[in-house]
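A.B. asks: There's a structure below that I have some questions on.
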Amino acid sequence: MCKFIFVTGGVVSGLGKGITAASLGRLLKERGFKIASQKLDPYINIDPGTMSPLQHGEVYVTEDGAETDLDLGHYERFINEDLNRFSNLTTGKVYWNVLQKERKGDYLGKTVQVVPHITDEIKEFIYSAAKKGDPDVLICEIGGTVGDMESQPFLEAIRQIGLEQKEGNVLYIHVTLVPYLECSKEHKSKPTQHSVKELQGIGIKPDIIVLRCHRKLEKDLFDKIALFCNIQRDCVIENRTIKNLYEVPLMLERQHLSEVVMRKLKLRGKKEGLKEWKEMVKQSKHPKDTVTIGMVGKYVKLHDAYLSVNEALAHGGLANQAKVHIRWIDSEQITNNNVAEKLAGCDGILVPGGFGERGVEGMIQAASHCRKNNIPYLGICLGMQVAVIEFARNVCQREKANSREFDADSPDKVIDFLPDQSDETKKGGTLRLGAYPCVLRKDTKIAELYGTREISERHRHRYEFNNDYRKLLEENGMILSGKSPDSYIVETVELSGLDYYIGVQFHPEFKSRPNHPHPLFSGLVAAALQRKEEKKNDE
C-alpha cells in the first residue's frame, strides 16, 4: 500500500518546498523505496504551457508530454524517476474536469460544490498518482502558502486523505521561514508558530517542520518550536541556504530526516546509501578547471526560465571535472557590429529554446559568429532553427531565409509549421510534446557523443525543419545528423570541420541528471575546455 507525504509551505512562497520534497525523495530512494512525486499548483491556468517564462519560469515536459511546473524538474533530477501527467495538477485543470463532468450529467442533478466535488477531483488525482507504477511512497507538494485562498481546496483534500487512510499511512511536512532580525541579532520563531496555527485551524497537524533559514539556528529555538507547535524535538529540521542544491539531501540526512519519516510511516528500509551522491557533491566542490558558456537568450532577466538548461550545464561540468560559469547574454542586444564584443571571453555558446520573434536576429548573429570562428555551439529547439536560418542566409545565399513564426511572407521558409499545426491552432497543449524516437546518422559527432544511433528525447515545439530545403542545405555542407524513424522530421543538424556545432530540435536538458550528465552538455563543456586550452597555448 502506497504511503503519502504532503509538503506544505507557510509564511512566504519561494522557501524551497520543491527542493525539500525532491531531497526527501532522494533520501527515501537511497533507502530502497520506489518514489513518485507530485505537485499541486493553485493557479487557474490549465497548465503552465501558455504562461510567460518571465513570470513562471521554464515549462518542464514529461516523457508522456505533460507541460508541468519547473519543480518537477527538481524531482526528476534528484530522484531520477520519469514523472507523468499525474505528477502536476492545477486549479484550472480541476475545475475543467469537474465542469466537463457536470455538462455530461455525471453528477445526476446534484448541486456542484467545492466540497465534495472539487476536493473529490483532487483526491482522485492524488490516488491515481499513487497507483501509477505502484510506488511505495508518493511525495506531494502543495503550491503556495497556507492562508492563500487558492490553496484551500487542495489543503482540504489532503486533510480528508489523512482521515481516509490508516494510521501511519500519511505524513504532513510543513516548510516555514525563520527570519533573522539584524537589529536584535536573533532568529524569530513567531512566523512559524502562526503558520502552524493556521494549518492546524484547517485541520492538519504537521508531523515534521522544516525551518528555512540563512544562518545556523540556535539549539533553544528548536526546543521552542517543538514545544509551541506540539511536535517531537527530532521532527524539527533545519534547512539552511547553501549554494549547491545537490548538497541539501546530505544536510537533511545529517539531521536524520529519512529515519524520522520512516519511523512516522512505519517503513523498514535499508541503511542510508548516499555514497555516489556524496562523491558527486564532493567533486562539484573541487573542480579542476573552469569554463565560461554564453547563454544567448531572450529571457535572461529570469534565470529560472532556463532552469533545466542551467542544471544540465552544471552536470556537463561535473562530467569534465569543471565548474561552468554561465554568462547571460541578452539576444536583443546583439547586432552584427557588436557580436564579437558580446561573445568575447566565452569558451562556448548555447542558444536555448523560446517562442516569438523578439531577440531572434541576435541569436542568428551569435550562431553565425560561432560558425565562422569555430566556437563550440549548441542550439536547443529554437537554437537549432536559428542555426538553420543562419546557414541558409549566409552559406546558401538565401538572404531572406526565415521561419514562418517570424516572417510568414519570407520566400524561403526554411523553418515551417509541423504538418498538424497552423495559425488557427489553439495554443494550449497543442505543441509536439513528450518523448519521440530519433535515429542518428552513422559517423556523426552527435552519434559519437551518444554512443548509440537510436535515442529518445523530449520535445516541445510547433515548427520544424522544412524538408523542401534538405537538398540545398546538405549540398552546402550542413549534415542532417538525426531524423525521426520514418526520416520525415529532421531532429538534429551539425557542421563538419568544426569542433562542436550541433543543433537539436528536442530538449536534452530534461533528461540530464547530476550523477548522469547528458552527453550533449558534457560534449559542449569538453569542447569549450579544449578551446580554452588552445587559446591559452596560442597566447
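So you can find residues: chains in the C-alpha cells are A, B, ... in the order shown, residues in each start at 1, and ligands are numbered from 1 in order.
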Using DSSP on the backbone coordinates, identify all residues within region 151-273 of chain A classified as alpha helix (DSSP H); present the result as number ranges by chain.

C.D. replies: A: 152-164, 190-202, 219-228, 248-253, 257-265

A.B. asks: So that I can see what lies close to Leu378 (chain A), please list as a PDB file with N, CA and C atoms, in the first residue's frame the residues with an atom at most 12 Å from it, counting only C-alpha atoms and leaving out residues fewer than 3 positions away in the same chain.

C.D. replies:
ATOM      1  N   ILE A 293      30.384  29.516 -20.428  1.00  0.00           N
ATOM      2  CA  ILE A 293      29.426  29.268 -21.513  1.00  0.00           C
ATOM      3  C   ILE A 293      28.493  30.466 -21.613  1.00  0.00           C
ATOM      4  N   GLY A 294      28.403  31.042 -22.793  1.00  0.00           N
ATOM      5  CA  GLY A 294      27.491  32.154 -23.014  1.00  0.00           C
ATOM      6  C   GLY A 294      26.093  31.651 -23.318  1.00  0.00           C
ATOM      7  N   MET A 295      25.130  32.066 -22.513  1.00  0.00           N
ATOM      8  CA  MET A 295      23.723  31.705 -22.735  1.00  0.00           C
ATOM      9  C   MET A 295      23.061  32.855 -23.472  1.00  0.00           C
ATOM     10  N   VAL A 296      22.838  32.666 -24.766  1.00  0.00           N
ATOM     11  CA  VAL A 296      22.267  33.723 -25.604  1.00  0.00           C
ATOM     12  C   VAL A 296      20.765  33.492 -25.713  1.00  0.00           C
ATOM     13  N   VAL A 309      18.255  23.867 -18.332  1.00  0.00           N
ATOM     14  CA  VAL A 309      19.463  24.069 -19.131  1.00  0.00           C
ATOM     15  C   VAL A 309      20.636  24.439 -18.221  1.00  0.00           C
ATOM     16  N   LEU A 313      23.999  22.155 -17.779  1.00  0.00           N
ATOM     17  CA  LEU A 313      25.358  22.671 -17.982  1.00  0.00           C
ATOM     18  C   LEU A 313      26.239  22.348 -16.780  1.00  0.00           C
ATOM     19  N   GLY A 348      32.290  28.751 -25.029  1.00  0.00           N
ATOM     20  CA  GLY A 348      31.262  28.063 -25.794  1.00  0.00           C
ATOM     21  C   GLY A 348      29.973  28.849 -25.717  1.00  0.00           C
ATOM     22  N   ILE A 349      29.061  28.568 -26.637  1.00  0.00           N
ATOM     23  CA  ILE A 349      27.788  29.302 -26.696  1.00  0.00           C
ATOM     24  C   ILE A 349      26.638  28.309 -26.730  1.00  0.00           C
ATOM     25  N   LEU A 350      25.576  28.623 -25.995  1.00  0.00           N
ATOM     26  CA  LEU A 350      24.351  27.833 -26.028  1.00  0.00           C
ATOM     27  C   LEU A 350      23.183  28.761 -26.317  1.00  0.00           C
ATOM     28  N   VAL A 351      22.398  28.424 -27.328  1.00  0.00           N
ATOM     29  CA  VAL A 351      21.161  29.162 -27.632  1.00  0.00           C
ATOM     30  C   VAL A 351      19.993  28.241 -27.282  1.00  0.00           C
ATOM     31  N   PRO A 352      19.240  28.566 -26.237  1.00  0.00           N
ATOM     32  CA  PRO A 352      18.163  27.696 -25.754  1.00  0.00           C
ATOM     33  C   PRO A 352      16.857  27.914 -26.521  1.00  0.00           C
ATOM     34  N   GLY A 353      15.820  27.215 -26.083  1.00  0.00           N
ATOM     35  CA  GLY A 353      14.516  27.317 -26.718  1.00  0.00           C
ATOM     36  C   GLY A 353      13.814  28.623 -26.403  1.00  0.00           C
ATOM     37  N   MET A 363      20.251  36.115 -31.943  1.00  0.00           N
ATOM     38  CA  MET A 363      20.648  34.704 -31.873  1.00  0.00           C
ATOM     39  C   MET A 363      21.286  34.265 -33.191  1.00  0.00           C
ATOM     40  N   ALA A 366      24.750  35.388 -33.282  1.00  0.00           N
ATOM     41  CA  ALA A 366      25.588  34.558 -32.415  1.00  0.00           C
ATOM     42  C   ALA A 366      25.944  33.241 -33.103  1.00  0.00           C
ATOM     43  N   ALA A 367      24.958  32.617 -33.740  1.00  0.00           N
ATOM     44  CA  ALA A 367      25.200  31.359 -34.456  1.00  0.00           C
ATOM     45  C   ALA A 367      26.205  31.563 -35.582  1.00  0.00           C
ATOM     46  N   CYS A 370      29.773  31.966 -34.186  1.00  0.00           N
ATOM     47  CA  CYS A 370      30.322  30.683 -33.745  1.00  0.00           C
ATOM     48  C   CYS A 370      30.751  29.833 -34.937  1.00  0.00           C
ATOM     49  N   ARG A 371      29.926  29.824 -35.983  1.00  0.00           N
ATOM     50  CA  ARG A 371      30.275  29.035 -37.180  1.00  0.00           C
ATOM     51  C   ARG A 371      31.551  29.549 -37.827  1.00  0.00           C
ATOM     52  N   ILE A 375      33.689  28.366 -32.673  1.00  0.00           N
ATOM     53  CA  ILE A 375      33.359  28.417 -31.250  1.00  0.00           C
ATOM     54  C   ILE A 375      32.321  27.334 -30.967  1.00  0.00           C
ATOM     55  N   CYS A 381      16.214  23.430 -29.721  1.00  0.00           N
ATOM     56  CA  CYS A 381      14.880  23.794 -30.228  1.00  0.00           C
ATOM     57  C   CYS A 381      14.980  25.046 -31.101  1.00  0.00           C
ATOM     58  N   LEU A 382      14.623  26.219 -30.579  1.00  0.00           N
ATOM     59  CA  LEU A 382      14.783  27.455 -31.326  1.00  0.00           C
ATOM     60  C   LEU A 382      16.247  27.651 -31.722  1.00  0.00           C
ATOM     61  N   GLY A 383      17.164  27.220 -30.859  1.00  0.00           N
ATOM     62  CA  GLY A 383      18.590  27.342 -31.142  1.00  0.00           C
ATOM     63  C   GLY A 383      19.012  26.564 -32.373  1.00  0.00           C
ATOM     64  N   MET A 384      18.371  25.414 -32.631  1.00  0.00           N
ATOM     65  CA  MET A 384      18.638  24.673 -33.865  1.00  0.00           C
ATOM     66  C   MET A 384      18.047  25.405 -35.058  1.00  0.00           C
ATOM     67  N   GLN A 385      16.837  25.893 -34.910  1.00  0.00           N
ATOM     68  CA  GLN A 385      16.173  26.599 -36.012  1.00  0.00           C
ATOM     69  C   GLN A 385      16.963  27.842 -36.403  1.00  0.00           C
ATOM     70  N   VAL A 386      17.506  28.532 -35.411  1.00  0.00           N
ATOM     71  CA  VAL A 386      18.338  29.712 -35.653  1.00  0.00           C
ATOM     72  C   VAL A 386      19.576  29.331 -36.466  1.00  0.00           C
ATOM     73  N   ALA A 387      20.204  28.211 -36.119  1.00  0.00           N
ATOM     74  CA  ALA A 387      21.394  27.756 -36.844  1.00  0.00           C
ATOM     75  C   ALA A 387      21.057  27.443 -38.303  1.00  0.00           C
ATOM     76  N   ILE A 446      27.263  13.783 -33.226  1.00  0.00           N
ATOM     77  CA  ILE A 446      26.223  13.525 -32.231  1.00  0.00           C
ATOM     78  C   ILE A 446      26.101  12.037 -31.936  1.00  0.00           C
ATOM     79  N   THR A 492      18.120  16.670 -35.757  1.00  0.00           N
ATOM     80  CA  THR A 492      19.407  17.255 -35.370  1.00  0.00           C
ATOM     81  C   THR A 492      20.193  17.655 -36.613  1.00  0.00           C
ATOM     82  N   VAL A 493      21.005  18.698 -36.462  1.00  0.00           N
ATOM     83  CA  VAL A 493      21.899  19.131 -37.540  1.00  0.00           C
ATOM     84  C   VAL A 493      23.276  19.388 -36.937  1.00  0.00           C
ATOM     85  N   GLU A 494      24.301  19.331 -37.790  1.00  0.00           N
ATOM     86  CA  GLU A 494      25.641  19.684 -37.345  1.00  0.00           C
ATOM     87  C   GLU A 494      26.478  20.089 -38.553  1.00  0.00           C
ATOM     88  N   LEU A 495      27.628  20.666 -38.274  1.00  0.00           N
ATOM     89  CA  LEU A 495      28.527  21.105 -39.336  1.00  0.00           C
ATOM     90  C   LEU A 495      29.857  20.380 -39.189  1.00  0.00           C
ATOM     91  N   ASP A 499      34.776  21.949 -34.391  1.00  0.00           N
ATOM     92  CA  ASP A 499      34.967  21.101 -33.212  1.00  0.00           C
ATOM     93  C   ASP A 499      33.647  20.665 -32.586  1.00  0.00           C
ATOM     94  N   TYR A 500      32.694  21.584 -32.502  1.00  0.00           N
ATOM     95  CA  TYR A 500      31.398  21.265 -31.900  1.00  0.00           C
ATOM     96  C   TYR A 500      30.394  22.306 -32.371  1.00  0.00           C
ATOM     97  N   TYR A 501      29.536  21.919 -33.299  1.00  0.00           N
ATOM     98  CA  TYR A 501      28.488  22.820 -33.785  1.00  0.00           C
ATOM     99  C   TYR A 501      27.263  21.952 -34.048  1.00  0.00           C
ATOM    100  N   ILE A 502      26.365  21.903 -33.056  1.00  0.00           N
ATOM    101  CA  ILE A 502      25.233  20.980 -33.091  1.00  0.00           C
ATOM    102  C   ILE A 502      23.940  21.713 -32.769  1.00  0.00           C
ATOM    103  N   GLY A 503      22.893  21.387 -33.506  1.00  0.00           N
ATOM    104  CA  GLY A 503      21.554  21.887 -33.206  1.00  0.00           C
ATOM    105  C   GLY A 503      20.600  20.720 -33.063  1.00  0.00           C
ATOM    106  N   VAL A 504      19.750  20.756 -32.038  1.00  0.00           N
ATOM    107  CA  VAL A 504      18.779  19.678 -31.815  1.00  0.00           C
ATOM    108  C   VAL A 504      17.385  20.276 -31.642  1.00  0.00           C
ATOM    109  N   GLN A 505      16.395  19.640 -32.263  1.00  0.00           N
ATOM    110  CA  GLN A 505      15.031  20.141 -32.166  1.00  0.00           C
ATOM    111  C   GLN A 505      14.410  19.806 -30.815  1.00  0.00           C
ATOM    112  N   PHE A 506      14.930  18.798 -30.170  1.00  0.00           N
ATOM    113  CA  PHE A 506      14.379  18.368 -28.878  1.00  0.00           C
ATOM    114  C   PHE A 506      15.044  19.119 -27.713  1.00  0.00           C
ATOM    115  N   HIS A 507      14.665  18.742 -26.488  1.00  0.00           N
ATOM    116  CA  HIS A 507      15.175  19.396 -25.280  1.00  0.00           C
ATOM    117  C   HIS A 507      15.956  18.386 -24.439  1.00  0.00           C
ATOM    118  N   PRO A 508      17.250  18.244 -24.693  1.00  0.00           N
ATOM    119  CA  PRO A 508      18.041  17.260 -23.950  1.00  0.00           C
ATOM    120  C   PRO A 508      18.178  17.587 -22.466  1.00  0.00           C
ATOM    121  N   GLU A 509      17.983  18.857 -22.109  1.00  0.00           N
ATOM    122  CA  GLU A 509      18.160  19.256 -20.706  1.00  0.00           C
ATOM    123  C   GLU A 509      17.207  18.529 -19.766  1.00  0.00           C
ATOM    124  N   PRO A 519      24.963  13.622 -22.574  1.00  0.00           N
ATOM    125  CA  PRO A 519      26.163  13.685 -23.438  1.00  0.00           C
ATOM    126  C   PRO A 519      26.301  14.962 -24.250  1.00  0.00           C
ATOM    127  N   LEU A 520      25.197  15.608 -24.623  1.00  0.00           N
ATOM    128  CA  LEU A 520      25.314  16.836 -25.411  1.00  0.00           C
ATOM    129  C   LEU A 520      25.898  17.974 -24.580  1.00  0.00           C
ATOM    130  N   PHE A 521      25.560  18.017 -23.301  1.00  0.00           N
ATOM    131  CA  PHE A 521      26.112  19.054 -22.431  1.00  0.00           C
ATOM    132  C   PHE A 521      27.536  18.716 -22.010  1.00  0.00           C
ATOM    133  N   SER A 522      27.791  17.434 -21.763  1.00  0.00           N
ATOM    134  CA  SER A 522      29.162  17.017 -21.465  1.00  0.00           C
ATOM    135  C   SER A 522      30.070  17.325 -22.646  1.00  0.00           C
ATOM    136  N   GLY A 523      29.549  17.071 -23.863  1.00  0.00           N
ATOM    137  CA  GLY A 523      30.324  17.329 -25.074  1.00  0.00           C
ATOM    138  C   GLY A 523      30.589  18.805 -25.290  1.00  0.00           C
ATOM    139  N   LEU A 524      29.582  19.637 -25.019  1.00  0.00           N
ATOM    140  CA  LEU A 524      29.756  21.081 -25.171  1.00  0.00           C
ATOM    141  C   LEU A 524      30.826  21.599 -24.217  1.00  0.00           C
ATOM    142  N   VAL A 525      30.756  21.176 -22.968  1.00  0.00           N
ATOM    143  CA  VAL A 525      31.732  21.634 -21.973  1.00  0.00           C
ATOM    144  C   VAL A 525      33.129  21.129 -22.335  1.00  0.00           C
ATOM    145  N   ALA A 527      34.307  20.470 -25.332  1.00  0.00           N
ATOM    146  CA  ALA A 527      34.790  21.257 -26.472  1.00  0.00           C
ATOM    147  C   ALA A 527      35.185  22.667 -26.042  1.00  0.00           C
ATOM    148  N   ALA A 528      34.419  23.241 -25.123  1.00  0.00           N
ATOM    149  CA  ALA A 528      34.730  24.586 -24.624  1.00  0.00           C
ATOM    150  C   ALA A 528      36.039  24.588 -23.846  1.00  0.00           C
TER     151      ALA A 528
END

A.B. asks: For CA of Val175 (chain A) and CA of Ser37 (chain A), determine how far apart the two atoms are, in Å to one decimal place.

C.D. replies: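 Between these atoms lies a distance of 16.9 Å.
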
A.B. asks: Identify, with DSSP run on backbone atoms, the residues in region 201-386 of chain A assigned to strand (DSSP E), and express the list as a PyMOL selection string.

C.D. replies: chain A and resi 208-213+236-240+289-297+322-330+348-351+377-380

A.B. asks: Measuring between only C-alpha atoms, which one of A:Ser87, A:Asn374, A:Thr290, A:Asn467 shows the shortest distance to Leu318 (chain A)?

C.D. replies: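 Residue with the minimum atom-to-atom distance to Leu318 (chain A): A:Thr290.
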
A.B. asks: Work out how far CA of Pro514 (chain A) is from CA of Ser308 (chain A), in Å to one decimal.

C.D. replies: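 Atom-to-atom, CA of Ser308 (chain A) and CA of Pro514 (chain A) are spaced 11.2 Å apart.
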
A.B. asks: Restrict the calculation to only C-alpha atoms, then for each residue of region 319-384 of chain A with any atom at most 9 Å from an atom of region 389-413 of chain A give the closest atom pair and their distance in Å to one decimal, rows by chain and rising residue number, as a Markdown table.

C.D. replies:
| residue | atom | partner | partner_atom | distance |
| --- | --- | --- | --- | --- |
| A:Phe355 | CA | A:Glu405 | CA | 8.4 |
| A:Gly356 | CA | A:Phe406 | CA | 6.9 |
| A:Glu357 | CA | A:Phe406 | CA | 5.1 |
| A:Arg358 | CA | A:Phe406 | CA | 8.8 |
| A:Val360 | CA | A:Phe406 | CA | 8.5 |
| A:Ile364 | CA | A:Glu390 | CA | 5.6 |
| A:Gln365 | CA | A:Glu390 | CA | 7.8 |
| A:Ala367 | CA | A:Glu390 | CA | 6.9 |
| A:Ser368 | CA | A:Glu390 | CA | 6.2 |
| A:Arg371 | CA | A:Phe391 | CA | 8.9 |
| A:Met384 | CA | A:Ile389 | CA | 8.8 |

A.B. asks: Determine, counting only C-alpha atoms, which protein, DNA and RNA residues have an atom within 9 Å of an atom of Asp330 (chain A); residues of the same chain fewer than 2 positions away are not included. Present the result as a PDB file with C-alpha atoms, in the first residue's frame.

C.D. replies:
ATOM      1  CA  MET A 295      23.723  31.705 -22.735  1.00  0.00           C
ATOM      2  CA  VAL A 296      22.267  33.723 -25.604  1.00  0.00           C
ATOM      3  CA  GLY A 297      18.548  34.036 -24.896  1.00  0.00           C
ATOM      4  CA  LYS A 298      15.585  36.350 -24.681  1.00  0.00           C
ATOM      5  CA  TYR A 299      14.527  35.556 -21.082  1.00  0.00           C
ATOM      6  CA  VAL A 300      17.866  36.238 -19.375  1.00  0.00           C
ATOM      7  CA  LYS A 301      16.287  38.532 -16.763  1.00  0.00           C
ATOM      8  CA  TRP A 328      23.903  35.697 -19.550  1.00  0.00           C
ATOM      9  CA  GLU A 332      18.088  41.599 -28.192  1.00  0.00           C
ATOM     10  CA  GLN A 333      21.318  43.497 -27.563  1.00  0.00           C
ATOM     11  CA  ILE A 334      23.382  41.589 -30.172  1.00  0.00           C
ATOM     12  CA  GLY A 359      15.677  38.667 -29.947  1.00  0.00           C
ATOM     13  CA  GLY A 362      20.664  38.497 -32.213  1.00  0.00           C
TER      14      GLY A 362
END

A.B. asks: Using only C-alpha atoms, which of A:Glu491, A:Glu341, A:Glu141, A:Glu164 sits nearest Phe465 (chain A)?

C.D. replies: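 Using only C-alpha atoms, Phe465 (chain A) sits closest to A:Glu491.
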
A.B. asks: Which neighbours of Gln165 (chain A) fall inside 12 Å, counting only C-alpha atoms, when residues of the same chain fewer than 6 positions from it are skipped, and could you give them as a PDB file with N, CA, C and O atoms, in the first residue's frame?

C.D. replies:
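selection.pdb, freshly written:
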ATOM      1  N   MET A   1       0.846  -1.196   0.000  1.00  0.00           N
ATOM      2  CA  MET A   1       0.000   0.000   0.000  1.00  0.00           C
ATOM      3  C   MET A   1       0.877   1.239   0.000  1.00  0.00           C
ATOM      4  O   MET A   1       1.825   1.342   0.771  1.00  0.00           O
ATOM      5  N   CYS A   2       0.571   2.180  -0.880  1.00  0.00           N
ATOM      6  CA  CYS A   2       1.361   3.405  -1.003  1.00  0.00           C
ATOM      7  C   CYS A   2       1.172   4.307   0.215  1.00  0.00           C
ATOM      8  O   CYS A   2       0.069   4.476   0.722  1.00  0.00           O
ATOM      9  N   LYS A   3       2.283   4.880   0.682  1.00  0.00           N
ATOM     10  CA  LYS A   3       2.243   5.863   1.760  1.00  0.00           C
ATOM     11  C   LYS A   3       2.237   7.261   1.147  1.00  0.00           C
ATOM     12  O   LYS A   3       2.748   7.475   0.042  1.00  0.00           O
ATOM     13  N   PHE A   4       1.691   8.232   1.871  1.00  0.00           N
ATOM     14  CA  PHE A   4       1.556   9.593   1.359  1.00  0.00           C
ATOM     15  C   PHE A   4       2.329  10.579   2.236  1.00  0.00           C
ATOM     16  O   PHE A   4       2.199  10.562   3.456  1.00  0.00           O
ATOM     17  N   ILE A   5       3.117  11.435   1.581  1.00  0.00           N
ATOM     18  CA  ILE A   5       3.785  12.535   2.269  1.00  0.00           C
ATOM     19  C   ILE A   5       3.340  13.831   1.606  1.00  0.00           C
ATOM     20  O   ILE A   5       3.529  14.016   0.400  1.00  0.00           O
ATOM     21  N   LYS A 123      -8.587  14.596  -4.838  1.00  0.00           N
ATOM     22  CA  LYS A 123      -8.225  13.321  -4.209  1.00  0.00           C
ATOM     23  C   LYS A 123      -8.104  12.206  -5.245  1.00  0.00           C
ATOM     24  O   LYS A 123      -7.186  11.374  -5.158  1.00  0.00           O
ATOM     25  N   TYR A 127      -4.806   9.916  -5.723  1.00  0.00           N
ATOM     26  CA  TYR A 127      -4.864   8.458  -5.639  1.00  0.00           C
ATOM     27  C   TYR A 127      -4.435   7.807  -6.960  1.00  0.00           C
ATOM     28  O   TYR A 127      -3.832   6.726  -6.951  1.00  0.00           O
ATOM     29  N   ILE A 158      -6.208  17.123   1.102  1.00  0.00           N
ATOM     30  CA  ILE A 158      -5.189  16.300   1.764  1.00  0.00           C
ATOM     31  C   ILE A 158      -5.542  16.064   3.233  1.00  0.00           C
ATOM     32  O   ILE A 158      -5.116  15.068   3.820  1.00  0.00           O
ATOM     33  N   ARG A 159      -6.327  16.967   3.806  1.00  0.00           N
ATOM     34  CA  ARG A 159      -6.833  16.720   5.169  1.00  0.00           C
ATOM     35  C   ARG A 159      -7.737  15.489   5.155  1.00  0.00           C
ATOM     36  O   ARG A 159      -7.635  14.615   6.028  1.00  0.00           O
ATOM     37  N   LEU A 171       1.779  11.410   6.105  1.00  0.00           N
ATOM     38  CA  LEU A 171       2.700  12.264   6.844  1.00  0.00           C
ATOM     39  C   LEU A 171       2.615  13.674   6.294  1.00  0.00           C
ATOM     40  O   LEU A 171       2.610  13.870   5.070  1.00  0.00           O
ATOM     41  N   LEU A 265       6.042   6.740   9.291  1.00  0.00           N
ATOM     42  CA  LEU A 265       5.246   5.984   8.317  1.00  0.00           C
ATOM     43  C   LEU A 265       5.348   4.478   8.516  1.00  0.00           C
ATOM     44  O   LEU A 265       4.812   3.707   7.705  1.00  0.00           O
TER      45      LEU A 265
END

A.B. asks: Enter the distance from CA of Lys224 (chain A) to CA of Leu177 (chain A), in Å, rounded to one decimal.

C.D. replies: 14.9 Å

A.B. asks: Which of these, A:His117, A:Lys93, A:Arg212, A:Arg327, has the shortest distance to Pro191 (chain A) once you count only C-alpha atoms?

C.D. replies: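 Nearest to Pro191 (chain A): A:Arg212.
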
A.B. asks: Can you list, as a ChimeraX atom specification, every protein, DNA or RNA residue that comes within 8 Å of Ser189 (chain A) when you count only C-alpha atoms, leaving out same-chain residues fewer than 2 positions away?

C.D. replies: /A:178-179,187,191-193,221,224-225

A.B. asks: Keeping all heavy atoms, export the residues of the selection given above as a tab-separated table (two decimals), in the first residue's frame.

C.D. replies:
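Output below, filename result.tsv:
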chain	number	residue	atom	x	y	z
A	178	VAL	N	12.20	31.04	9.03
A	178	VAL	CA	12.67	31.56	10.32
A	178	VAL	C	13.55	32.77	10.02
A	178	VAL	O	14.71	32.62	9.65
A	178	VAL	CB	13.45	30.52	11.12
A	178	VAL	CG1	13.95	31.12	12.44
A	178	VAL	CG2	12.59	29.29	11.40
A	179	PRO	N	13.01	33.98	10.13
A	179	PRO	CA	13.79	35.17	9.78
A	179	PRO	C	14.82	35.53	10.85
A	179	PRO	O	14.64	35.21	12.04
A	179	PRO	CB	12.72	36.26	9.66
A	179	PRO	CG	11.63	35.82	10.58
A	179	PRO	CD	11.63	34.32	10.53
A	187	HIS	N	17.16	35.05	15.72
A	187	HIS	CA	16.13	34.43	14.89
A	187	HIS	C	14.78	34.53	15.59
A	187	HIS	O	14.71	34.55	16.82
A	187	HIS	CB	16.45	32.96	14.63
A	187	HIS	CG	17.57	32.75	13.66
A	187	HIS	ND1	18.85	32.44	14.05
A	187	HIS	CD2	17.59	32.80	12.29
A	187	HIS	CE1	19.62	32.30	12.98
A	187	HIS	NE2	18.89	32.52	11.91
A	191	PRO	N	6.76	33.68	13.29
A	191	PRO	CA	6.11	33.38	12.00
A	191	PRO	C	5.81	31.89	11.83
A	191	PRO	O	4.75	31.53	11.30
A	191	PRO	CB	7.14	33.87	10.97
A	191	PRO	CG	7.89	34.94	11.68
A	191	PRO	CD	8.00	34.47	13.10
A	192	THR	N	6.71	31.04	12.28
A	192	THR	CA	6.48	29.60	12.19
A	192	THR	C	5.31	29.19	13.08
A	192	THR	O	4.45	28.41	12.66
A	192	THR	CB	7.75	28.83	12.61
A	192	THR	OG1	8.78	29.07	11.65
A	192	THR	CG2	7.47	27.33	12.68
A	193	GLN	N	5.26	29.74	14.29
A	193	GLN	CA	4.16	29.40	15.19
A	193	GLN	C	2.82	29.80	14.60
A	193	GLN	O	1.84	29.04	14.67
A	193	GLN	CB	4.37	30.11	16.54
A	193	GLN	CG	5.58	29.63	17.32
A	193	GLN	CD	5.77	30.41	18.62
A	193	GLN	OE1	4.81	30.60	19.38
A	193	GLN	NE2	6.97	30.87	18.88
A	221	LEU	N	16.07	27.35	19.93
A	221	LEU	CA	14.98	27.66	19.02
A	221	LEU	C	14.26	26.39	18.57
A	221	LEU	O	13.03	26.37	18.43
A	221	LEU	CB	15.51	28.43	17.81
A	221	LEU	CG	14.43	29.01	16.89
A	221	LEU	CD1	14.76	30.46	16.51
A	221	LEU	CD2	14.27	28.19	15.64
A	224	LYS	N	12.03	25.37	21.37
A	224	LYS	CA	10.88	26.26	21.48
A	224	LYS	C	9.81	25.92	20.44
A	224	LYS	O	8.62	25.85	20.77
A	224	LYS	CB	11.35	27.71	21.31
A	224	LYS	CG	10.25	28.75	21.49
A	224	LYS	CD	10.83	30.16	21.38
A	224	LYS	CE	9.76	31.21	21.62
A	224	LYS	NZ	10.32	32.59	21.51
A	225	ILE	N	10.24	25.70	19.20
A	225	ILE	CA	9.28	25.38	18.14
A	225	ILE	C	8.64	24.02	18.39
A	225	ILE	O	7.43	23.86	18.21
A	225	ILE	CB	9.98	25.43	16.76
A	225	ILE	CG1	10.27	26.89	16.40
A	225	ILE	CG2	9.12	24.77	15.68
A	225	ILE	CD1	11.04	27.08	15.11

A.B. asks: Leaving out region 76-84 of chain A and any residue of its chain fewer than 5 positions from it, which residues lie within 10 Å of it when counting only C-alpha atoms, given as a PyMOL selection string?

C.D. replies: chain A and resi 19+21-30+34-38+61-68+71+129+132+245-246+249+277+308+311-312+434+510-516
